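As stored in protein-v9.csv (CSV, C-alpha atoms):
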```csv
chain,number,residue,atom,x,y,z
N,1,MET,CA,66.8,145.1,-212.3
N,2,ILE,CA,63.8,143.3,-210.8
N,3,SER,CA,64.1,142.4,-207.1
N,4,LEU,CA,62.5,139.0,-206.3
N,5,LYS,CA,61.4,138.8,-202.6
N,6,SER,CA,61.7,135.7,-200.4
N,7,LYS,CA,58.6,134.4,-198.6
N,8,GLU,CA,60.1,136.0,-195.4
N,9,ALA,CA,60.5,139.4,-197.1
N,10,ILE,CA,56.9,139.2,-198.4
N,11,ASP,CA,55.8,138.5,-194.8
N,12,VAL,CA,57.6,141.6,-193.7
N,13,MET,CA,55.9,143.6,-196.4
N,14,ARG,CA,52.6,142.7,-194.9
N,15,ARG,CA,53.5,145.1,-192.0
N,16,PRO,CA,53.7,148.4,-194.0
N,17,GLY,CA,50.8,147.1,-196.0
N,18,ALA,CA,48.7,146.8,-192.9
N,19,VAL,CA,49.6,150.4,-191.9
N,20,VAL,CA,48.3,151.6,-195.3
N,21,ALA,CA,45.1,149.6,-194.8
N,22,ALA,CA,44.7,151.2,-191.4
N,23,VAL,CA,45.0,154.7,-192.8
N,24,PHE,CA,42.1,154.0,-195.1
N,25,GLU,CA,40.1,152.7,-192.2
N,26,ALA,CA,40.8,155.9,-190.3
N,27,ILE,CA,40.1,158.4,-193.1
N,28,ARG,CA,37.0,156.7,-194.7
N,29,PRO,CA,34.6,158.4,-192.1
N,30,LEU,CA,36.2,161.8,-193.0
N,31,MET,CA,35.4,161.6,-196.7
N,32,LYS,CA,32.4,164.0,-196.6
N,33,GLU,CA,31.5,167.6,-197.2
N,34,GLY,CA,33.2,170.3,-195.1
N,35,ILE,CA,36.4,168.4,-194.4
N,36,THR,CA,39.7,169.9,-195.5
N,37,THR,CA,42.2,167.8,-197.4
N,38,ASP,CA,44.8,169.0,-194.8
N,39,ARG,CA,42.7,167.3,-192.1
N,40,ILE,CA,42.6,164.0,-194.0
N,41,ASP,CA,46.4,164.2,-194.5
N,42,LYS,CA,47.0,164.9,-190.8
N,43,VAL,CA,44.9,161.9,-189.7
N,44,ALA,CA,46.8,159.7,-192.2
N,45,HIS,CA,50.1,161.0,-190.9
N,46,GLU,CA,49.2,160.3,-187.3
N,47,VAL,CA,48.1,156.7,-188.1
N,48,ILE,CA,51.4,156.1,-189.9
N,49,LEU,CA,53.5,157.4,-187.1
N,50,GLU,CA,51.6,155.7,-184.3
N,51,ALA,CA,52.3,152.4,-186.1
N,52,GLY,CA,56.0,153.1,-185.9
N,53,ALA,CA,56.2,153.7,-189.7
N,54,ILE,CA,57.3,156.6,-191.8
N,55,PRO,CA,55.2,158.3,-194.5
N,56,SER,CA,56.7,157.2,-197.9
N,57,PHE,CA,55.5,160.3,-199.7
N,58,LEU,CA,56.4,163.1,-197.2
N,59,GLY,CA,59.5,164.8,-198.5
N,60,TYR,CA,59.7,162.5,-201.5
N,61,ASP,CA,62.0,164.1,-204.1
N,62,GLY,CA,61.3,162.1,-207.2
N,63,GLN,CA,59.5,164.6,-209.5
N,64,GLY,CA,59.0,168.3,-208.7
N,65,PRO,CA,61.5,171.0,-208.0
N,66,THR,CA,60.6,170.7,-204.3
N,67,PRO,CA,59.9,167.6,-202.2
N,68,PHE,CA,56.3,166.5,-201.9
N,69,PRO,CA,54.6,168.4,-199.1
N,70,GLY,CA,52.2,165.8,-197.7
N,71,SER,CA,52.0,162.3,-196.2
N,72,THR,CA,49.2,161.6,-198.8
N,73,CYS,CA,48.5,162.6,-202.3
N,74,ILE,CA,44.9,163.9,-202.4
N,75,SER,CA,43.6,164.5,-205.9
N,76,ILE,CA,40.2,166.0,-206.6
N,77,ASP,CA,38.0,165.6,-209.8
N,78,ASP,CA,40.2,166.3,-212.8
N,79,GLU,CA,43.4,165.7,-210.8
N,80,ILE,CA,44.8,162.3,-211.8
N,81,VAL,CA,47.5,161.9,-209.2
N,82,HIS,CA,49.9,163.8,-206.8
N,83,GLY,CA,47.4,166.4,-205.6
N,84,PHE,CA,48.6,168.5,-202.6
N,85,PRO,CA,46.7,168.4,-199.3
N,86,SER,CA,45.8,171.9,-198.2
N,87,LYS,CA,43.9,173.8,-195.5
N,88,ASP,CA,42.2,175.7,-198.4
N,89,ARG,CA,40.8,172.7,-200.1
N,90,ILE,CA,37.5,171.7,-198.7
N,91,LEU,CA,35.5,168.6,-199.8
N,92,GLU,CA,32.2,169.5,-201.4
N,93,ASP,CA,29.2,167.6,-202.6
N,94,GLY,CA,29.7,166.2,-206.1
N,95,MET,CA,33.4,165.7,-205.9
N,96,ILE,CA,35.4,162.5,-206.4
N,97,VAL,CA,38.6,162.4,-204.3
N,98,SER,CA,41.5,160.0,-204.8
N,99,VAL,CA,43.8,159.4,-201.8
N,100,ASP,CA,47.1,157.7,-202.4
N,101,VAL,CA,49.0,156.5,-199.3
N,102,GLY,CA,52.5,155.1,-198.7
N,103,ALA,CA,54.1,153.8,-195.5
N,104,TYR,CA,57.7,152.6,-194.8
N,105,LEU,CA,58.2,150.1,-192.0
N,106,ASP,CA,60.8,147.5,-191.2
N,107,GLY,CA,62.7,148.3,-194.4
N,108,TYR,CA,59.9,148.0,-196.9
N,109,HIS,CA,57.1,150.2,-198.4
N,110,GLY,CA,53.4,149.6,-198.9
N,111,ASP,CA,51.4,151.8,-201.4
N,112,ALA,CA,47.7,151.9,-202.2
N,113,ALA,CA,45.0,154.4,-203.4
N,114,ARG,CA,41.3,154.7,-203.3
N,115,THR,CA,38.8,157.1,-204.9
N,116,PHE,CA,35.9,158.3,-202.7
N,117,ILE,CA,32.6,159.8,-203.8
N,118,ILE,CA,31.5,162.9,-201.9
N,119,GLY,CA,27.7,163.2,-201.8
N,120,GLU,CA,25.8,162.9,-205.1
N,121,VAL,CA,27.6,162.6,-208.4
N,122,PRO,CA,26.3,161.8,-211.9
N,123,ASP,CA,25.8,158.1,-212.7
N,124,ARG,CA,28.6,158.2,-215.2
N,125,VAL,CA,31.1,159.5,-212.6
N,126,ARG,CA,30.0,156.8,-210.2
N,127,GLU,CA,30.5,154.2,-213.0
N,128,LEU,CA,34.0,155.6,-213.6
N,129,VAL,CA,35.0,155.0,-209.9
N,130,ARG,CA,33.5,151.5,-210.0
N,131,VAL,CA,35.1,150.5,-213.3
N,132,THR,CA,38.5,151.7,-212.1
N,133,GLU,CA,38.4,149.5,-209.1
N,134,GLU,CA,37.1,146.6,-211.1
N,135,ALA,CA,40.0,147.0,-213.6
N,136,PHE,CA,42.5,146.5,-210.8
N,137,TRP,CA,41.0,143.2,-209.8
N,138,LEU,CA,40.8,142.0,-213.3
N,139,GLY,CA,44.4,142.9,-213.8
N,140,VAL,CA,45.7,141.3,-210.6
N,141,GLU,CA,43.9,138.1,-211.4
N,142,GLN,CA,46.4,137.8,-214.3
N,143,ALA,CA,49.4,138.1,-211.9
N,144,MET,CA,50.5,134.4,-212.0
N,145,PRO,CA,54.0,133.0,-212.5
N,146,GLY,CA,54.7,132.4,-216.1
N,147,LYS,CA,52.3,135.0,-217.5
N,148,ARG,CA,53.4,138.3,-218.9
N,149,MET,CA,53.1,141.9,-217.7
N,150,GLY,CA,51.0,142.6,-220.8
N,151,ASP,CA,48.4,140.1,-219.5
N,152,ILE,CA,47.8,142.4,-216.5
N,153,SER,CA,48.0,145.6,-218.5
N,154,ALA,CA,45.6,144.3,-221.2
N,155,ALA,CA,43.0,143.2,-218.7
N,156,VAL,CA,43.0,146.7,-217.2
N,157,GLN,CA,42.8,148.5,-220.5
N,158,GLU,CA,40.2,146.3,-222.1
N,159,HIS,CA,37.8,146.7,-219.1
N,160,CYS,CA,38.1,150.4,-218.9
N,161,GLU,CA,37.9,151.1,-222.7
N,162,ARG,CA,34.9,148.7,-223.0
N,163,HIS,CA,33.1,151.1,-220.7
N,164,GLY,CA,34.2,154.1,-222.8
N,165,PHE,CA,36.8,155.5,-220.4
N,166,GLY,CA,40.3,156.7,-221.1
N,167,VAL,CA,43.3,154.9,-219.7
N,168,VAL,CA,46.3,157.1,-218.9
N,169,ARG,CA,49.5,156.0,-220.6
N,170,GLU,CA,52.2,158.3,-219.3
N,171,LEU,CA,51.8,157.2,-215.6
N,172,THR,CA,52.1,153.6,-214.5
N,173,GLY,CA,52.2,151.3,-211.5
N,174,HIS,CA,55.6,150.0,-210.4
N,175,GLY,CA,57.6,147.4,-208.5
N,176,ILE,CA,57.9,148.1,-204.8
N,177,GLY,CA,59.9,146.8,-201.9
N,178,GLN,CA,62.9,148.4,-200.1
N,179,ALA,CA,62.4,151.3,-202.5
N,180,LEU,CA,59.0,152.9,-203.1
N,181,HIS,CA,59.5,152.7,-206.9
N,182,GLU,CA,61.4,149.7,-208.2
N,183,SER,CA,61.5,147.9,-211.6
N,184,PRO,CA,59.4,146.9,-213.5
N,185,ASN,CA,56.9,149.5,-214.6
N,186,VAL,CA,53.3,148.2,-214.5
N,187,PRO,CA,51.4,149.9,-217.3
N,188,ASN,CA,47.6,150.1,-217.4
N,189,TYR,CA,47.6,149.3,-221.1
N,190,GLY,CA,49.3,146.7,-223.3
N,191,GLN,CA,49.1,143.5,-225.2
N,192,LYS,CA,48.4,140.0,-223.9
N,193,GLY,CA,51.5,137.7,-224.0
N,194,ARG,CA,53.9,140.6,-224.2
N,195,GLY,CA,56.3,142.3,-221.7
N,196,VAL,CA,58.2,141.1,-218.7
N,197,ARG,CA,57.6,137.5,-217.7
N,198,LEU,CA,55.9,137.3,-214.2
N,199,ALA,CA,57.6,135.3,-211.5
N,200,ALA,CA,57.0,134.3,-207.9
N,201,GLY,CA,58.7,136.9,-205.6
N,202,MET,CA,57.7,139.9,-207.6
N,203,THR,CA,56.1,142.6,-205.5
N,204,LEU,CA,54.1,145.2,-207.5
N,205,ALA,CA,51.8,148.1,-207.2
N,206,LEU,CA,49.1,148.1,-209.9
N,207,GLU,CA,47.2,151.4,-210.1
N,208,PRO,CA,44.7,152.0,-212.8
N,209,MET,CA,44.3,155.8,-213.5
N,210,VAL,CA,41.2,156.2,-215.6
N,211,THR,CA,39.5,159.3,-217.1
N,212,LEU,CA,35.9,160.1,-217.9
N,213,GLY,CA,36.9,161.8,-221.1
N,214,SER,CA,40.2,162.0,-223.0
N,215,ARG,CA,43.2,160.1,-221.6
N,216,GLN,CA,45.5,163.1,-222.3
N,217,LEU,CA,47.1,164.7,-219.3
N,218,ALA,CA,48.9,167.9,-218.3
N,219,LEU,CA,51.2,168.9,-215.5
N,220,ALA,CA,49.8,171.6,-213.1
N,221,GLU,CA,51.8,174.7,-212.1
N,222,ASN,CA,53.1,173.1,-208.9
N,223,ASP,CA,55.1,170.7,-211.2
N,224,TRP,CA,53.7,167.7,-209.2
N,225,THR,CA,50.0,167.3,-209.9
N,226,PHE,CA,48.8,165.7,-213.1
N,227,VAL,CA,45.4,166.7,-214.4
N,228,THR,CA,43.2,165.8,-217.4
N,229,GLN,CA,43.6,168.1,-220.3
N,230,ASP,CA,39.9,168.3,-220.9
N,231,GLY,CA,39.0,169.0,-217.3
N,232,GLN,CA,37.0,165.8,-216.9
N,233,PRO,CA,37.2,163.7,-213.7
N,234,SER,CA,39.7,161.0,-213.2
N,235,ALA,CA,39.7,158.0,-210.7
N,236,HIS,CA,42.5,156.0,-209.2
N,237,TYR,CA,42.7,152.6,-207.4
N,238,GLU,CA,45.8,150.8,-206.2
N,239,ASN,CA,47.1,148.0,-204.0
N,240,THR,CA,50.5,146.5,-203.4
N,241,PHE,CA,50.6,142.8,-204.0
N,242,ALA,CA,53.1,139.9,-204.2
N,243,ILE,CA,53.1,137.2,-206.8
N,244,THR,CA,53.5,133.7,-205.3
N,245,GLU,CA,53.4,130.2,-206.7
N,246,GLU,CA,49.8,130.0,-205.6
N,247,GLY,CA,48.9,133.4,-207.2
N,248,PRO,CA,48.7,137.1,-206.1
N,249,VAL,CA,48.6,138.1,-202.5
N,250,ILE,CA,47.2,141.5,-201.6
N,251,LEU,CA,49.3,143.3,-199.0
N,252,THR,CA,47.4,146.6,-198.4
N,253,MET,CA,43.9,145.4,-197.4
N,254,THR,CA,42.5,144.2,-194.1
N,255,ASP,CA,41.3,140.6,-193.7
N,256,ARG,CA,37.8,141.9,-193.4
N,257,GLU,CA,38.0,143.7,-196.8
N,258,LEU,CA,39.5,140.6,-198.5
N,259,GLU,CA,36.8,138.4,-197.0
N,260,ALA,CA,34.1,140.7,-198.3
N,261,ARG,CA,35.6,140.5,-201.7
N,262,LYS,CA,35.9,136.7,-201.3
N,263,TRP,CA,39.6,137.0,-202.0
N,264,LYS,CA,41.9,134.3,-200.5
N,265,ARG,CA,44.5,136.1,-198.4
N,266,GLN,CA,47.1,133.2,-198.4
```

What's the C-alpha coordinates form of this structure?
Amino acid sequence: MISLKSKEAIDVMRRPGAVVAAVFEAIRPLMKEGITTDRIDKVAHEVILEAGAIPSFLGYDGQGPTPFPGSTCISIDDEIVHGFPSKDRILEDGMIVSVDVGAYLDGYHGDAARTFIIGEVPDRVRELVRVTEEAFWLGVEQAMPGKRMGDISAAVQEHCERHGFGVVRELTGHGIGQALHESPNVPNYGQKGRGVRLAAGMTLALEPMVTLGSRQLALAENDWTFVTQDGQPSAHYENTFAITEEGPVILTMTDRELEARKWKRQ
(Lines of atoms letter the chains of each structure in order from A and count residues from 1; the text may use other names and numbers.)
(Lines give C-alpha, C1' and ligand atoms only; values in the text may rest on other atoms or scores of the structure.)
Protein backbone atom coordinates (compact mmCIF):
# COMPACT_ATOMS: atom_id res chain seq x y z
CA MET A 1 0.00 0.00 0.00
CA ILE A 2 1.36 3.42 -0.95
CA SER A 3 1.45 5.97 1.86
CA LEU A 4 0.66 9.52 0.70
CA LYS A 5 2.17 12.18 2.95
CA SER A 6 0.56 15.45 3.94
CA LYS A 7 2.37 18.76 3.41
CA GLU A 8 3.10 18.74 7.14
CA ALA A 9 4.65 15.26 6.96
CA ILE A 10 6.78 16.27 3.99
CA ASP A 11 8.01 19.27 5.97
CA VAL A 12 9.03 16.90 8.77
CA MET A 13 10.84 14.70 6.23
CA ARG A 14 13.05 17.66 5.38
CA ARG A 15 14.71 17.17 8.80
CA PRO A 16 16.19 13.68 8.27
CA GLY A 17 16.92 14.76 4.71
CA ALA A 18 18.97 17.66 6.02
CA VAL A 19 20.92 15.26 8.26
CA VAL A 20 21.76 13.09 5.25
CA ALA A 21 22.89 16.17 3.32
CA ALA A 22 25.07 17.20 6.28
CA VAL A 23 26.75 13.79 6.25
CA PHE A 24 27.85 14.27 2.66
CA GLU A 25 29.14 17.74 3.47
CA ALA A 26 31.21 16.21 6.29
CA ILE A 27 32.63 13.22 4.42
CA ARG A 28 33.33 14.89 1.07
CA PRO A 29 36.77 16.18 2.23
CA LEU A 30 37.65 12.65 3.37
CA MET A 31 37.21 11.08 -0.04
CA LYS A 32 40.89 10.79 -0.93
CA GLU A 33 43.75 8.33 -0.91
CA GLY A 34 44.80 6.82 2.41
CA ILE A 35 41.46 7.11 4.24
CA THR A 36 39.84 3.95 5.54
CA THR A 37 36.18 3.31 4.85
CA ASP A 38 35.77 2.76 8.60
CA ARG A 39 36.88 6.36 9.19
CA ILE A 40 34.29 7.64 6.70
CA ASP A 41 31.61 5.57 8.39
CA LYS A 42 32.56 6.86 11.86
CA VAL A 43 32.37 10.50 10.74
CA ALA A 44 28.96 9.86 9.17
CA HIS A 45 27.80 8.14 12.36
CA GLU A 46 28.91 11.09 14.49
CA VAL A 47 27.12 13.64 12.27
CA ILE A 48 23.89 11.64 12.44
CA LEU A 49 23.99 11.27 16.23
CA GLU A 50 24.95 14.91 16.82
CA ALA A 51 21.82 15.91 14.89
CA GLY A 52 19.71 13.82 17.27
CA ALA A 53 18.99 11.26 14.56
CA ILE A 54 19.55 7.51 14.28
CA PRO A 55 21.47 5.79 11.44
CA SER A 56 18.84 4.05 9.32
CA PHE A 57 21.22 1.34 8.15
CA LEU A 58 23.10 0.34 11.33
CA GLY A 59 21.65 -2.97 12.51
CA TYR A 60 19.20 -3.10 9.58
CA ASP A 61 17.96 -6.67 9.29
CA GLY A 62 16.36 -6.69 5.86
CA GLN A 63 18.66 -8.89 3.77
CA GLY A 64 21.67 -10.79 5.08
CA PRO A 65 21.88 -13.46 7.81
CA THR A 66 23.25 -10.81 10.20
CA PRO A 67 22.23 -7.15 10.63
CA PHE A 68 24.09 -4.56 8.55
CA PRO A 69 27.28 -3.57 10.41
CA GLY A 70 27.70 0.10 9.41
CA SER A 71 25.96 3.44 9.51
CA THR A 72 26.76 3.80 5.81
CA CYS A 73 27.05 1.47 2.85
CA ILE A 74 30.44 2.06 1.20
CA SER A 75 30.82 0.25 -2.11
CA ILE A 76 34.06 0.35 -4.10
CA ASP A 77 34.60 -0.17 -7.84
CA ASP A 78 32.71 -3.35 -8.84
CA GLU A 79 30.53 -3.27 -5.71
CA ILE A 80 27.10 -2.01 -6.70
CA VAL A 81 25.55 -1.46 -3.25
CA HIS A 82 25.71 -2.57 0.40
CA GLY A 83 29.48 -2.58 0.77
CA PHE A 84 30.73 -2.93 4.36
CA PRO A 85 32.86 -0.17 5.94
CA SER A 86 36.11 -1.62 7.29
CA LYS A 87 39.40 -0.60 8.92
CA ASP A 88 41.11 -2.78 6.30
CA ARG A 89 39.64 -1.01 3.26
CA ILE A 90 41.77 1.99 2.34
CA LEU A 91 40.89 4.37 -0.48
CA GLU A 92 43.39 4.33 -3.35
CA ASP A 93 43.99 6.37 -6.47
CA GLY A 94 41.80 5.19 -9.34
CA MET A 95 38.88 3.96 -7.24
CA ILE A 96 35.28 5.04 -7.44
CA VAL A 97 33.48 4.88 -4.11
CA SER A 98 29.71 4.92 -3.61
CA VAL A 99 28.47 6.03 -0.19
CA ASP A 100 24.83 5.41 0.74
CA VAL A 101 23.49 7.17 3.86
CA GLY A 102 20.23 6.94 5.76
CA ALA A 103 19.03 8.87 8.82
CA TYR A 104 15.89 8.53 10.97
CA LEU A 105 14.61 11.61 12.77
CA ASP A 106 11.22 12.71 14.10
CA GLY A 107 9.56 9.53 12.86
CA TYR A 108 10.81 9.63 9.25
CA HIS A 109 13.76 8.48 7.18
CA GLY A 110 15.95 10.22 4.62
CA ASP A 111 18.13 8.26 2.17
CA ALA A 112 20.68 9.33 -0.44
CA ALA A 113 23.84 8.10 -2.18
CA ARG A 114 26.78 9.64 -4.03
CA THR A 115 29.68 8.17 -6.00
CA PHE A 116 33.09 9.80 -5.46
CA ILE A 117 36.13 9.62 -7.73
CA ILE A 118 39.45 9.05 -5.97
CA GLY A 119 42.39 10.57 -7.83
CA GLU A 120 42.65 9.80 -11.53
CA VAL A 121 40.36 7.36 -13.31
CA PRO A 122 39.88 6.54 -17.00
CA ASP A 123 37.62 8.92 -18.93
CA ARG A 124 35.04 6.19 -19.41
CA VAL A 125 34.76 5.63 -15.64
CA ARG A 126 34.42 9.38 -15.06
CA GLU A 127 31.64 9.37 -17.67
CA LEU A 128 29.91 6.51 -15.84
CA VAL A 129 29.76 8.54 -12.63
CA ARG A 130 28.51 11.63 -14.47
CA VAL A 131 25.84 9.81 -16.47
CA THR A 132 24.53 8.01 -13.37
CA GLU A 133 23.95 11.36 -11.66
CA GLU A 134 22.42 12.86 -14.80
CA ALA A 135 20.04 9.90 -15.03
CA PHE A 136 18.66 10.67 -11.59
CA TRP A 137 17.82 14.23 -12.57
CA LEU A 138 16.24 13.20 -15.84
CA GLY A 139 14.14 10.68 -13.94
CA VAL A 140 13.04 13.03 -11.18
CA GLU A 141 11.93 15.62 -13.75
CA GLN A 142 9.22 13.11 -14.70
CA ALA A 143 7.89 12.91 -11.13
CA MET A 144 4.72 14.91 -11.68
CA PRO A 145 1.19 14.09 -10.48
CA GLY A 146 -0.70 12.15 -13.14
CA LYS A 147 2.38 10.68 -14.81
CA ARG A 148 3.39 7.04 -14.38
CA MET A 149 6.30 5.36 -12.63
CA GLY A 150 7.42 4.08 -16.01
CA ASP A 151 8.04 7.67 -17.11
CA ILE A 152 10.65 8.05 -14.36
CA SER A 153 12.13 4.61 -15.02
CA ALA A 154 12.32 5.00 -18.79
CA ALA A 155 14.10 8.35 -18.51
CA VAL A 156 16.81 6.76 -16.34
CA GLN A 157 17.20 3.70 -18.56
CA GLU A 158 17.26 5.57 -21.85
CA HIS A 159 19.93 8.02 -20.73
CA CYS A 160 22.24 5.33 -19.34
CA GLU A 161 21.85 2.93 -22.24
CA ARG A 162 22.31 5.76 -24.75
CA HIS A 163 25.81 6.10 -23.31
CA GLY A 164 26.42 2.35 -23.50
CA PHE A 165 26.13 1.56 -19.79
CA GLY A 166 24.26 -1.25 -18.05
CA VAL A 167 21.24 -0.57 -15.83
CA VAL A 168 20.79 -2.97 -12.92
CA ARG A 169 17.32 -4.56 -12.93
CA GLU A 170 17.24 -6.60 -9.73
CA LEU A 171 17.76 -3.64 -7.37
CA THR A 172 15.43 -0.65 -7.33
CA GLY A 173 14.61 2.56 -5.56
CA HIS A 174 11.67 2.63 -3.18
CA GLY A 175 9.04 4.54 -1.34
CA ILE A 176 10.24 6.03 1.94
CA GLY A 177 8.72 7.63 5.01
CA GLN A 178 8.09 6.23 8.46
CA ALA A 179 9.71 3.03 7.13
CA LEU A 180 13.01 3.07 5.27
CA HIS A 181 11.54 0.95 2.49
CA GLU A 182 7.89 1.47 1.57
CA SER A 183 5.79 0.81 -1.52
CA PRO A 184 6.14 1.35 -4.39
CA ASN A 185 9.36 0.07 -5.92
CA VAL A 186 11.06 2.64 -8.17
CA PRO A 187 12.81 0.72 -10.99
CA ASN A 188 15.61 2.22 -13.07
CA TYR A 189 14.18 0.68 -16.23
CA GLY A 190 10.70 0.59 -17.73
CA GLN A 191 8.26 1.85 -20.31
CA LYS A 192 6.78 5.32 -20.56
CA GLY A 193 3.13 5.50 -19.63
CA ARG A 194 3.21 2.24 -17.65
CA GLY A 195 3.22 1.41 -13.96
CA VAL A 196 1.86 3.10 -10.85
CA ARG A 197 0.24 6.48 -11.40
CA LEU A 198 2.16 9.22 -9.60
CA ALA A 199 0.33 11.39 -7.08
CA ALA A 200 1.04 14.35 -4.84
CA GLY A 201 2.13 13.11 -1.42
CA MET A 202 4.32 10.26 -2.68
CA THR A 203 7.79 10.27 -1.13
CA LEU A 204 10.33 8.26 -3.09
CA ALA A 205 14.00 7.40 -3.25
CA LEU A 206 15.18 7.16 -6.85
CA GLU A 207 18.63 5.56 -7.10
CA PRO A 208 20.17 4.68 -10.47
CA MET A 209 22.69 1.83 -10.13
CA VAL A 210 24.65 1.76 -13.36
CA THR A 211 27.48 -0.46 -14.59
CA LEU A 212 30.38 0.12 -16.94
CA GLY A 213 29.95 -3.33 -18.51
CA SER A 214 27.29 -6.00 -18.13
CA ARG A 215 24.28 -5.22 -15.93
CA GLN A 216 24.42 -8.73 -14.46
CA LEU A 217 25.14 -8.90 -10.73
CA ALA A 218 26.17 -11.41 -8.09
CA LEU A 219 25.94 -11.55 -4.30
CA ALA A 220 29.23 -11.48 -2.39
CA GLU A 221 30.14 -13.98 0.31
CA ASN A 222 28.96 -11.64 3.08
CA ASP A 223 25.38 -12.09 1.73
CA TRP A 224 24.91 -8.31 1.68
CA THR A 225 27.10 -6.73 -0.97
CA PHE A 226 26.05 -6.91 -4.62
CA VAL A 227 28.86 -6.85 -7.20
CA THR A 228 29.02 -6.82 -10.98
CA GLN A 229 29.50 -10.28 -12.46
CA ASP A 230 32.15 -9.07 -14.90
CA GLY A 231 34.15 -7.14 -12.30
CA GLN A 232 33.61 -3.80 -14.04
CA PRO A 233 32.91 -0.66 -11.97
CA SER A 234 29.45 0.46 -10.93
CA ALA A 235 28.14 3.89 -9.88
CA HIS A 236 25.21 4.87 -7.64
CA TYR A 237 23.35 8.15 -7.13
CA GLU A 238 20.25 8.70 -5.00
CA ASN A 239 18.06 11.32 -3.37
CA THR A 240 14.83 11.24 -1.40
CA PHE A 241 12.15 13.47 -2.88
CA ALA A 242 8.47 14.28 -2.49
CA ILE A 243 5.95 14.70 -5.29
CA THR A 244 3.82 17.83 -4.86
CA GLU A 245 1.20 19.47 -7.06
CA GLU A 246 3.95 21.85 -8.22
CA GLY A 247 6.41 19.03 -8.97
CA PRO A 248 9.18 17.11 -7.20
CA VAL A 249 10.89 18.50 -4.08
CA ILE A 250 14.36 17.18 -3.23
CA LEU A 251 14.70 16.47 0.50
CA THR A 252 18.32 15.30 0.84
CA MET A 253 20.33 18.23 -0.54
CA THR A 254 21.38 21.58 0.90
CA ASP A 255 19.96 24.85 -0.40
CA ARG A 256 23.42 25.65 -1.77
CA GLU A 257 23.53 22.41 -3.75
CA LEU A 258 20.05 22.96 -5.14
CA GLU A 259 20.83 26.54 -6.10
CA ALA A 260 24.00 25.42 -7.87
CA ARG A 261 21.89 23.01 -9.88
CA LYS A 262 19.30 25.76 -10.47
CA TRP A 263 16.68 23.50 -8.93
CA LYS A 264 13.70 25.17 -7.27
CA ARG A 265 13.49 23.96 -3.67
CA GLN A 266 9.77 24.82 -3.08

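The nearest approach to N:Thr240 among the residues N:Asp88, N:Asp255, N:Asp123, N:Asp111, with all atoms listed in the file taken into account, belongs to N:Asp111.
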
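Comparing N:Thr36, N:Thr254, N:Ser71, N:Ser234 by their smallest distance to N:Ala53, the closest is N:Ser71 (using all atoms listed in the file).
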
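For the point (43.6, 146.9, -192.3), the residues with an atom at a distance of at most 8 Å are N:Ala18, N:Val19, N:Val20, N:Ala21, N:Ala22, N:Val23, N:Phe24, N:Glu25, N:Thr252, N:Met253, N:Thr254, N:Asp255, N:Arg256, N:Glu257, counting all atoms listed in the file.
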
Output of the above residues as a PDB file, keeping the file's coordinate frame, restricted to C-alpha atoms:
```pdb
ATOM      1  CA  ALA N  18      48.700 146.800-192.900  1.00  0.00           C
ATOM      2  CA  VAL N  19      49.600 150.400-191.900  1.00  0.00           C
ATOM      3  CA  VAL N  20      48.300 151.600-195.300  1.00  0.00           C
ATOM      4  CA  ALA N  21      45.100 149.600-194.800  1.00  0.00           C
ATOM      5  CA  ALA N  22      44.700 151.200-191.400  1.00  0.00           C
ATOM      6  CA  VAL N  23      45.000 154.700-192.800  1.00  0.00           C
ATOM      7  CA  PHE N  24      42.100 154.000-195.100  1.00  0.00           C
ATOM      8  CA  GLU N  25      40.100 152.700-192.200  1.00  0.00           C
ATOM      9  CA  THR N 252      47.400 146.600-198.400  1.00  0.00           C
ATOM     10  CA  MET N 253      43.900 145.400-197.400  1.00  0.00           C
ATOM     11  CA  THR N 254      42.500 144.200-194.100  1.00  0.00           C
ATOM     12  CA  ASP N 255      41.300 140.600-193.700  1.00  0.00           C
ATOM     13  CA  ARG N 256      37.800 141.900-193.400  1.00  0.00           C
ATOM     14  CA  GLU N 257      38.000 143.700-196.800  1.00  0.00           C
TER      15      GLU N 257
END
```

Q.
For N:Tyr104, find every residue with an atom within 6 Å (counting only C-alpha atoms), except residues of its own chain fewer than 3 positions away, and show them as a PyMOL selection string.
A. chain N and resi 16+53-54+56+108-109

**Q.** 12 Å contact set for N:Leu204, only C-alpha atoms, chain neighbours under 5 positions out, as number ranges by chain
**A.** N: 2-5, 10, 13, 109-112, 139-140, 143, 149, 152, 172-187, 198-199, 238-244, 248-252

Q: Grab the atom CA of N:Ile96 to atom CA of N:Thr115 distance for me, in Å with one decimal place.
A: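 These atoms are spaced 6.6 Å apart.
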
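One finds atom CA of N:Ser98 at 6.4 Å from atom CA of N:Ile76.
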
Q: Tell me, in Å to one decimal, how far atom CA of N:Val131 is from atom CA of N:Gly201.
A: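 Spanning atom CA of N:Val131 to atom CA of N:Gly201 is a straight-line distance of 28.3 Å.
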
Q. Given the choices N:Lys7, N:Arg130, N:Thr72, N:Arg15, which gets closest to N:Ile27 if the distance is worked out from all atoms listed in the file?
A.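 For N:Ile27, the nearest of the given residues is N:Thr72.
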
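Distance annotation: of N:Phe68, N:Phe57, N:Phe116, N:Phe84, the residue with the minimal separation from N:Tyr237 is N:Phe116; atom set is all atoms listed in the file.
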
Q) Taking all atoms listed in the file into account, which of N:Met144, N:Ala103, N:Val47, N:Val125 comes nearest N:Tyr60? A)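 When distances to N:Tyr60 are compared using all atoms listed in the file, the smallest one comes from N:Ala103.
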
Q: Kindly indicate which residue among N:Gly164, N:Gly247, N:Gly83, N:Pro208 lies nearest to N:Glu127, using all atoms listed in the file for the distances.
A: N:Gly164
